[in-house]
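Engineer: See entry-v7.cif below, with mmCIF, C-alpha atoms.
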data_input
#
loop_
_atom_site.label_atom_id
_atom_site.label_comp_id
_atom_site.auth_asym_id
_atom_site.auth_seq_id
_atom_site.Cartn_x
_atom_site.Cartn_y
_atom_site.Cartn_z
CA MET A 186 -181.08 -46.91 -117.60
CA ALA A 187 -177.82 -48.27 -116.18
CA LEU A 188 -179.06 -47.67 -112.65
CA ASP A 189 -182.30 -49.53 -113.39
CA LEU A 190 -180.40 -52.51 -114.75
CA ASP A 191 -178.23 -52.60 -111.62
CA ILE A 192 -181.36 -52.61 -109.50
CA PHE A 193 -182.60 -55.79 -111.18
CA LYS A 194 -179.30 -57.62 -111.77
CA MET A 195 -177.56 -57.48 -108.40
CA VAL A 196 -177.78 -60.62 -106.27
CA ASP A 197 -178.30 -60.73 -102.51
CA THR A 198 -175.77 -62.81 -100.57
CA ARG A 199 -178.16 -63.40 -97.65
CA LYS A 200 -181.31 -65.50 -97.93
CA GLY A 201 -183.14 -65.07 -94.61
CA LEU A 202 -185.57 -62.57 -93.17
CA PHE A 203 -184.74 -58.87 -93.17
CA ALA A 204 -184.57 -57.04 -89.85
CA ILE A 205 -187.84 -55.23 -90.55
CA GLU A 206 -189.57 -58.57 -91.15
CA LYS A 207 -188.19 -60.07 -87.96
CA VAL A 208 -189.41 -57.22 -85.78
CA SER A 209 -192.80 -57.36 -87.53
CA LEU A 210 -193.08 -61.06 -86.76
CA ILE A 211 -192.10 -60.42 -83.13
CA TYR A 212 -194.85 -57.81 -82.80
CA ASN A 213 -197.22 -60.21 -84.56
CA LEU A 214 -196.40 -62.96 -82.05
CA LEU A 215 -196.60 -60.77 -78.94
CA THR A 216 -200.00 -59.34 -79.91
CA SER A 217 -201.22 -62.85 -80.80
CA VAL A 218 -200.37 -63.95 -77.27
CA LEU A 219 -202.23 -60.91 -75.95
CA ILE A 220 -205.28 -61.85 -78.03
CA LEU A 221 -205.27 -65.32 -76.49
CA PHE A 222 -204.97 -63.80 -73.01
CA LEU A 223 -207.92 -61.41 -73.65
CA TYR A 224 -209.82 -63.82 -75.88
CA ARG A 225 -213.17 -63.76 -74.06
CA GLN A 226 -213.24 -59.96 -73.92
CA MET A 227 -212.35 -59.28 -77.54
CA ASP A 228 -214.86 -58.61 -80.30
CA HIS A 229 -213.43 -60.80 -83.09
CA PRO A 230 -210.31 -62.62 -81.82
CA LEU A 231 -210.45 -65.43 -84.40
CA GLN A 232 -210.38 -62.95 -87.26
CA MET A 233 -207.47 -61.07 -85.66
CA LEU A 234 -205.52 -64.30 -85.22
CA GLY A 235 -206.33 -65.27 -88.80
CA ASP A 236 -205.08 -61.90 -90.05
CA ARG A 237 -201.84 -62.39 -88.15
CA ALA A 238 -201.35 -65.87 -89.56
CA LEU A 239 -201.91 -64.49 -93.08
CA ILE A 240 -199.41 -61.65 -92.52
CA ALA A 241 -196.81 -64.12 -91.25
CA ALA A 242 -197.44 -66.44 -94.22
CA VAL A 243 -197.08 -63.57 -96.72
CA THR A 244 -193.83 -62.51 -95.03
CA PHE A 245 -192.30 -65.96 -95.44
CA LEU A 246 -193.67 -66.27 -98.98
CA LEU A 247 -191.98 -63.01 -99.95
CA MET A 248 -188.73 -64.28 -98.45
CA TYR A 249 -189.02 -67.42 -100.57
CA LEU A 250 -189.89 -65.51 -103.76
CA TYR A 251 -186.96 -63.20 -103.11
CA ARG A 252 -184.61 -66.17 -103.34
CA LEU A 253 -185.86 -66.71 -106.91
CA ALA A 254 -185.13 -63.12 -107.95
CA PRO A 255 -182.79 -61.47 -105.43
CA CYS A 256 -182.11 -57.87 -106.38
CA LYS A 257 -182.33 -54.36 -104.96
CA PHE A 258 -185.82 -53.83 -106.32
CA SER A 259 -187.28 -56.99 -104.81
CA ALA A 260 -185.61 -56.12 -101.50
CA PHE A 261 -187.26 -52.72 -101.66
CA VAL A 262 -190.64 -54.35 -102.32
CA ARG A 263 -190.24 -56.50 -99.20
CA VAL A 264 -189.49 -53.43 -97.13
CA CYS A 265 -192.42 -51.47 -98.57
CA ILE A 266 -194.90 -54.29 -97.96
CA GLN A 267 -193.96 -54.45 -94.29
CA MET A 268 -194.28 -50.69 -93.95
CA SER A 269 -197.64 -50.71 -95.75
CA LEU A 270 -198.93 -53.09 -93.08
CA LEU A 271 -198.83 -50.18 -90.63
CA SER A 272 -202.25 -49.32 -92.06
CA TYR A 273 -203.41 -52.58 -90.46
CA TRP A 274 -201.41 -52.45 -87.23
CA TYR A 275 -202.45 -48.90 -86.32
CA PRO A 276 -206.26 -49.39 -86.04
CA ASP A 277 -205.53 -52.81 -84.57
CA THR A 278 -204.37 -51.09 -81.35
CA TYR A 279 -207.97 -49.95 -80.84
CA GLU A 280 -209.11 -53.57 -80.57
CA PHE A 281 -207.00 -53.88 -77.43
CA ASN A 282 -207.10 -50.51 -75.71
CA ARG A 283 -210.88 -50.13 -75.89
CA LEU A 284 -211.06 -52.97 -73.36
CA PHE A 285 -209.33 -50.81 -70.74
CA PRO A 286 -210.72 -47.72 -68.97
CA ASN A 287 -210.17 -44.62 -71.07
CA LEU A 288 -207.63 -42.09 -69.71
CA ASP A 289 -208.54 -38.96 -71.66
CA HIS A 290 -209.92 -37.29 -68.55
CA VAL A 291 -206.44 -37.51 -67.00
CA PHE A 292 -204.73 -35.96 -70.02
CA ALA A 293 -207.36 -33.27 -70.61
CA SER A 294 -207.16 -32.33 -66.91
CA ALA A 295 -203.36 -32.23 -67.11
CA GLU A 296 -203.61 -30.02 -70.19
CA GLN A 297 -205.97 -27.69 -68.32
CA TRP A 298 -203.67 -27.57 -65.28
CA ILE A 299 -200.47 -26.93 -67.28
CA PHE A 300 -201.78 -24.44 -69.84
CA GLY A 301 -204.86 -23.05 -68.12
CA GLY A 302 -207.09 -24.29 -70.93
CA GLN A 303 -207.19 -26.51 -73.99
CA PRO A 304 -204.62 -25.45 -76.63
CA ALA A 305 -206.36 -27.63 -79.22
CA ILE A 306 -209.47 -25.46 -78.84
CA TRP A 307 -207.55 -22.18 -78.69
CA PHE A 308 -205.45 -22.94 -81.76
CA ALA A 309 -208.39 -23.85 -83.98
CA GLU A 310 -210.67 -21.07 -82.78
CA SER A 311 -208.03 -18.32 -83.02
CA LEU A 312 -207.07 -19.13 -86.63
CA PRO A 313 -210.21 -20.33 -88.44
CA TYR A 314 -208.92 -19.37 -91.87
CA VAL A 315 -208.43 -21.40 -95.03
CA TRP A 316 -204.94 -19.95 -95.54
CA VAL A 317 -204.01 -21.45 -92.14
CA SER A 318 -205.98 -24.68 -92.25
CA GLU A 319 -204.94 -25.76 -95.74
CA PRO A 320 -201.14 -25.68 -95.15
CA LEU A 321 -201.60 -27.38 -91.77
CA ASN A 322 -203.83 -30.11 -93.18
CA MET A 323 -201.36 -30.55 -96.03
CA GLY A 324 -198.60 -31.02 -93.45
CA TYR A 325 -200.67 -33.54 -91.52
CA PHE A 326 -201.42 -35.52 -94.69
CA PHE A 327 -197.72 -35.44 -95.64
CA TYR A 328 -196.89 -37.90 -92.84
CA TYR A 329 -196.78 -41.07 -94.96
CA PRO A 330 -195.36 -39.39 -98.08
CA MET A 331 -192.52 -38.13 -95.88
CA MET A 332 -191.83 -41.70 -94.81
CA LEU A 333 -191.84 -42.87 -98.41
CA ILE A 334 -189.47 -40.07 -99.44
CA ILE A 335 -186.97 -41.02 -96.74
CA VAL A 336 -187.07 -44.72 -97.65
CA LEU A 337 -186.77 -43.93 -101.37
CA TRP A 338 -183.83 -41.60 -100.74
CA TYR A 339 -181.92 -44.29 -98.89
CA PHE A 340 -182.90 -46.88 -101.48
CA ILE A 341 -181.43 -44.74 -104.26
CA HIS A 342 -178.47 -43.11 -102.53
CA ARG A 343 -177.51 -45.29 -99.52
CA PHE A 344 -178.90 -48.74 -100.13
CA ASP A 345 -176.46 -50.18 -97.62
CA LEU A 346 -178.42 -48.34 -94.89
CA LEU A 347 -181.92 -49.20 -96.13
CA GLU A 348 -182.36 -52.17 -93.80
CA LYS A 349 -181.29 -50.12 -90.78
CA VAL A 350 -183.51 -47.18 -91.71
CA SER A 351 -186.57 -49.36 -92.30
CA PHE A 352 -185.94 -51.24 -89.06
CA VAL A 353 -185.68 -48.04 -87.02
CA ILE A 354 -188.93 -46.70 -88.53
CA ILE A 355 -190.98 -49.86 -88.09
CA SER A 356 -189.59 -50.61 -84.61
CA SER A 357 -190.41 -47.08 -83.49
CA PHE A 358 -193.98 -47.54 -84.65
CA PHE A 359 -194.33 -50.84 -82.84
CA LEU A 360 -192.95 -49.42 -79.60
CA TYR A 361 -195.47 -46.58 -79.83
CA TYR A 362 -198.20 -49.11 -80.57
CA PHE A 363 -197.42 -51.04 -77.40
CA VAL A 364 -197.92 -47.81 -75.45
CA TYR A 365 -201.24 -47.19 -77.22
CA ILE A 366 -202.48 -50.66 -76.33
CA PHE A 367 -201.99 -50.16 -72.60
CA VAL A 368 -202.46 -46.36 -72.36
CA PRO A 369 -205.89 -45.79 -73.93
CA VAL A 370 -206.03 -42.10 -74.85
CA ALA A 371 -208.20 -41.10 -77.82
CA GLY A 372 -207.45 -37.38 -78.07
CA PRO A 373 -209.68 -34.27 -78.21
CA GLN A 374 -211.39 -35.14 -81.48
CA PHE A 375 -212.94 -38.20 -79.83
CA TYR A 376 -213.08 -37.29 -76.14
CA PHE A 377 -214.61 -33.83 -76.47
CA PRO A 378 -217.74 -34.98 -78.39
CA ALA A 379 -218.05 -37.87 -75.94
CA ILE A 380 -218.33 -35.55 -72.91
CA GLY A 381 -219.95 -32.60 -74.70
CA MET A 382 -218.44 -29.22 -75.49
CA ASP A 383 -220.26 -27.61 -72.54
CA ASN A 384 -218.14 -29.71 -70.19
CA VAL A 385 -215.00 -28.84 -72.12
CA LEU A 386 -215.70 -25.10 -71.95
CA ASN A 387 -216.44 -25.39 -68.23
CA SER A 388 -213.22 -27.36 -67.62
CA VAL A 389 -215.10 -30.48 -66.55
CA PHE A 390 -213.44 -33.70 -67.72
CA PRO A 391 -215.29 -36.75 -66.43
CA PRO A 392 -213.98 -40.30 -66.82
CA ILE A 393 -215.90 -42.26 -69.45
CA GLY A 394 -214.71 -45.81 -68.70
CA ASP A 395 -215.15 -48.13 -71.67
CA TYR A 396 -217.23 -45.63 -73.69
CA PHE A 397 -215.04 -46.09 -76.75
CA ASN A 398 -215.64 -49.80 -76.72
CA TYR A 399 -219.03 -48.98 -78.22
CA ASN A 400 -218.70 -45.47 -79.68
CA GLN A 401 -216.41 -43.87 -82.28
CA GLU A 402 -217.90 -40.41 -82.84
CA LEU A 403 -215.28 -38.16 -84.41
CA LEU A 404 -215.25 -34.39 -83.89
CA PRO A 405 -215.17 -32.63 -87.29
CA GLY A 406 -212.36 -30.19 -87.99
CA PRO A 407 -212.63 -26.52 -87.00
CA ASP A 408 -215.61 -24.74 -88.55
CA TYR A 409 -214.23 -22.88 -91.55
CA GLU A 410 -214.58 -23.02 -95.31
CA HIS A 411 -213.45 -26.47 -96.41
CA GLY A 412 -210.41 -26.71 -98.65
CA PHE A 413 -208.82 -29.54 -100.64
CA PHE A 414 -206.44 -30.77 -97.94
CA TYR A 415 -209.04 -30.29 -95.23
CA ASN A 416 -211.38 -32.62 -97.11
CA LEU A 417 -208.54 -35.04 -97.78
CA VAL A 418 -207.67 -35.33 -94.08
CA GLU A 419 -211.33 -35.48 -93.02
CA SER A 420 -212.05 -38.27 -95.53
CA SER A 421 -209.04 -40.33 -94.50
CA GLN A 422 -209.91 -39.94 -90.82
CA GLN A 423 -213.52 -40.97 -91.37
CA VAL A 424 -212.26 -44.16 -93.04
CA GLY A 425 -209.24 -45.14 -90.97
CA GLU A 426 -209.19 -43.18 -87.71
CA ARG A 427 -210.05 -44.85 -84.39
CA PRO A 428 -210.24 -43.55 -80.81
CA THR A 429 -206.71 -44.66 -80.07
CA ALA A 430 -203.05 -43.67 -80.32
CA ALA A 431 -203.13 -40.15 -78.89
CA PHE A 432 -200.29 -40.29 -76.33
CA PRO A 433 -197.56 -39.82 -77.26
CA SER A 434 -198.14 -38.53 -80.78
CA SER A 435 -196.53 -40.95 -83.22
CA HIS A 436 -197.13 -38.36 -85.95
CA VAL A 437 -194.72 -36.05 -84.17
CA GLY A 438 -192.44 -38.79 -82.85
CA VAL A 439 -191.92 -40.74 -86.06
CA SER A 440 -191.72 -37.61 -88.22
CA THR A 441 -188.99 -36.33 -85.87
CA ILE A 442 -187.13 -39.62 -86.35
CA LEU A 443 -187.56 -39.22 -90.11
CA MET A 444 -186.05 -35.75 -89.87
CA ILE A 445 -183.06 -37.16 -87.98
CA MET A 446 -182.60 -39.63 -90.83
CA ALA A 447 -182.94 -36.84 -93.39
CA TRP A 448 -180.35 -34.74 -91.57
CA ARG A 449 -177.91 -37.67 -91.41
CA GLY A 450 -178.51 -38.46 -95.08
CA SER A 451 -178.57 -35.11 -96.87
CA GLY A 452 -178.67 -31.48 -95.81
CA ARG A 453 -180.73 -30.64 -98.89
CA LEU A 454 -183.26 -33.37 -98.11
CA PHE A 455 -183.50 -32.14 -94.52
CA ALA A 456 -184.08 -28.54 -95.64
CA CYS A 457 -186.76 -29.57 -98.16
CA LEU A 458 -188.69 -31.61 -95.59
CA MET A 459 -188.42 -29.14 -92.70
CA PRO A 460 -191.42 -26.93 -93.70
CA PHE A 461 -193.66 -30.00 -94.02
CA TYR A 462 -192.40 -31.33 -90.68
CA LEU A 463 -193.21 -28.07 -88.87
CA LEU A 464 -196.68 -27.95 -90.44
CA LEU A 465 -197.30 -31.58 -89.50
CA CYS A 466 -196.36 -31.04 -85.84
CA ALA A 467 -198.56 -27.94 -85.55
CA ALA A 468 -201.44 -29.67 -87.34
CA THR A 469 -201.68 -32.48 -84.77
CA VAL A 470 -202.99 -29.94 -82.25
CA TYR A 471 -204.78 -27.64 -84.72
CA ILE A 472 -207.05 -30.38 -86.10
CA GLN A 473 -207.57 -31.58 -82.50
CA ALA A 474 -206.13 -35.03 -83.11
CA HIS A 475 -203.86 -34.57 -80.07
CA TYR A 476 -203.49 -32.66 -76.86
CA LEU A 477 -200.46 -30.40 -76.82
CA ILE A 478 -198.82 -32.66 -74.24
CA ASP A 479 -199.18 -35.55 -76.73
CA ALA A 480 -197.25 -33.59 -79.35
CA LEU A 481 -194.56 -32.55 -76.85
CA ALA A 482 -194.22 -36.13 -75.61
CA GLY A 483 -193.92 -37.33 -79.21
CA PHE A 484 -191.10 -34.89 -79.90
CA VAL A 485 -189.19 -35.65 -76.68
CA SER A 486 -189.60 -39.42 -77.02
CA ALA A 487 -188.32 -39.46 -80.61
CA PHE A 488 -184.66 -38.95 -79.65
CA PRO A 489 -184.27 -41.78 -77.10
CA LEU A 490 -186.40 -43.97 -79.36
CA TYR A 491 -184.06 -43.33 -82.30
CA VAL A 492 -181.05 -44.17 -80.12
CA LEU A 493 -182.74 -47.31 -78.76
CA THR A 494 -183.84 -48.70 -82.12
CA THR A 495 -180.46 -47.91 -83.69
CA TRP A 496 -178.78 -49.79 -80.84
CA MET A 497 -181.20 -52.69 -81.29
CA PHE A 498 -180.33 -52.94 -84.96
CA LYS A 499 -176.57 -52.84 -84.33
CA ARG A 500 -176.88 -55.32 -81.48
CA TRP A 501 -179.15 -57.87 -83.18
CA PHE A 502 -178.89 -57.26 -86.93
CA THR A 503 -175.32 -56.27 -87.69
CA ARG A 504 -175.22 -57.77 -91.16
CA PRO A 505 -176.90 -55.49 -93.73
CA ILE A 506 -178.36 -56.47 -97.09
CA THR A 507 -175.29 -56.92 -99.30
CA PHE A 508 -175.00 -57.76 -102.97
CA THR A 509 -172.58 -59.38 -105.40
CA ARG A 510 -172.69 -59.13 -109.16
#
Could you render the structure as structure tokens?
Structural biologist:
Amino acid sequence: MALDLDIFKMVDTRKGLFAIEKVSLIYNLLTSVLILFLYRQMDHPLQMLGDRALIAAVTFLLMYLYRLAPCKFSAFVRVCIQMSLLSYWYPDTYEFNRLFPNLDHVFASAEQWIFGGQPAIWFAESLPYVWVSEPLNMGYFFYYPMMLIIVLWYFIHRFDLLEKVSFVIISSFFLYYFVYIFVPVAGPQFYFPAIGMDNVLNSVFPPIGDYFNYNQELLPGPDYEHGFFYNLVESSQQVGERPTAAFPSSHVGVSTILMIMAWRGSGRLFACLMPFYLLLCAATVYIQAHYLIDALAGFVSAFPLYVLTTWMFKRWFTRPITFTR
């Protein structure tokens, strides 16, 4: 109970925005400018601008409320709210990139040229077993719980690094999102049903232009007996998935960054998360959410992205959240 009391009694010595809130507001502003630039082409620009105004207002309201009750717990709530908004920012990329010509034909052709086929098809068809699909779908679903575990670990054990950790995570997402906006790749689970499996099997990958501006058909998972985690992933994708964000894989990229944070924080934490991380990376291709080159690009990009966002934090936000009794 002593730890809980400390969480609620400690007082923050700084009253402004946290680093994670500042970078969120910057992304908010930049995409708002982009909405104005593409206003006539967008489906519901006024609603998108209204959403952004509401997010900004909530951010400043939380900063004000924090001044009334500054403590570790309320700081953690501010961080978690910004991270929860990723569920809004991710599908939001679709509203932009569907206006540009789709590039899946380029990536599917590159996949065919490099590997002599489509690994996403091979992987699923060669292992159509529940004992394979269930662990892989569990790993894929573990993406956001892994993020929460990392943030909670730093909140409990290294609170002085919480602002840096949350900034690196959210900034990495936003940098990936900028790529998704201007590099419209939907991935096999959307592109393959759009062109038809006959074309895929015959290695024919035609360009489809702005097809995804009007269509969102999602390829179901590999045809095997459905398990609990399979149904969980399928249900979540049917609700929140959009034909966007395939290259590079942020699932692989961000989870790799999370593993770097786990390794720097605790060897035990790193070891516990490693099996889930490996399953997650393999699942991105197995469930056909990504081309193999997406997953490889996500892994390779994670390391320079971690270095860049860490440098950004040290360069621009050198004062962490500190407390006095």
Engineer: Apply the PyMOL selection byres ((chain A and resi 442-446) around 8) to the structure shown and report the selected residues as an NGL selection string.
Structural biologist: :A and (331-332 or 335 or 350 or 354 or 438-441 or 447-450 or 455 or 458-459 or 462 or 487-488 or 491)
Engineer: Considering only C-alpha atoms, can you say which of A:Ser294, A:Glu206, A:Asp228, A:Gly235 comes closest to A:Arg263?
Structural biologist: A:Glu206
Engineer: Restricting the calculation to all atoms listed in the file: of A:Met233, A:Pro276, A:Glu348, A:Ile299, which residue gets closest to A:Phe203?
Structural biologist: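 Residue with the minimum atom-to-atom distance to A:Phe203: A:Glu348.
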Engineer: Hey, what's within 12 Å of A:Val291 if we count only C-alpha atoms and toss same-chain stuff fewer than 2 positions away? As a list in words, please?
Structural biologist: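 The residues satisfying every condition are Pro286, Asn287, Leu288, Asp289, Ala293, Ser294, Ala295, Glu296, Gln297, Trp298, Val368, Pro369, Val370, Ala371, Gly372, Tyr376, Val389, Phe390, Pro391, Pro392, Ile393, Gly394, Phe432, Tyr476 and Ile478 of chain A.
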Engineer: Record the distance separating atom CA of A:His411 and atom CA of A:Ala480, expressed in Å with one decimal.
Structural biologist: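 Between atom CA of A:His411 and atom CA of A:Ala480 the gap is 24.6 Å.
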Engineer: Please provide as number ranges by chain all residues within 7 Å of A:Met248, with the sequence filter that same-chain residues fewer than 4 positions apart are discarded (counting only C-alpha atoms).
Structural biologist: A: 201-202, 244, 252
Engineer: Run the PyMOL selection byres ((chain A and resi 469) around 12) against the file shown and list the residues it catches, as a PyMOL selection string.
Structural biologist: chain A and resi 304-305+308-309+318+321-328+372-374+406+418+431-438+440+462-468+470-481+483-484
Engineer: Which is closest to A:Phe498 among A:Phe359, A:Arg427, A:Leu270, A:Val208, if we use all atoms listed in the file?
Structural biologist: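 Closest residue, counting all atoms listed in the file: A:Val208.
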Engineer: Looking at all atoms listed in the file, which of A:Ile366, A:Val315, A:Gln303, A:Phe413 is the one that sits closest to A:Asn387?
Structural biologist: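 Ranked by minimum distance to A:Asn387, first place goes to A:Gln303.
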Engineer: Which residue gives the smallest distance to A:Asn400 among A:Ser269, A:Arg283, A:Tyr329, A:Lys349, with all atoms listed in the file counted?
Structural biologist: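 For A:Asn400, the nearest of the candidates is A:Arg283.
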Engineer: I'd like to know which of A:Ile341, A:Val218, A:Met227, A:Ala482 is closest to A:Phe261, using only C-alpha atoms.
Structural biologist: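 Of the candidates, the smallest distance to A:Phe261 is held by A:Ile341.
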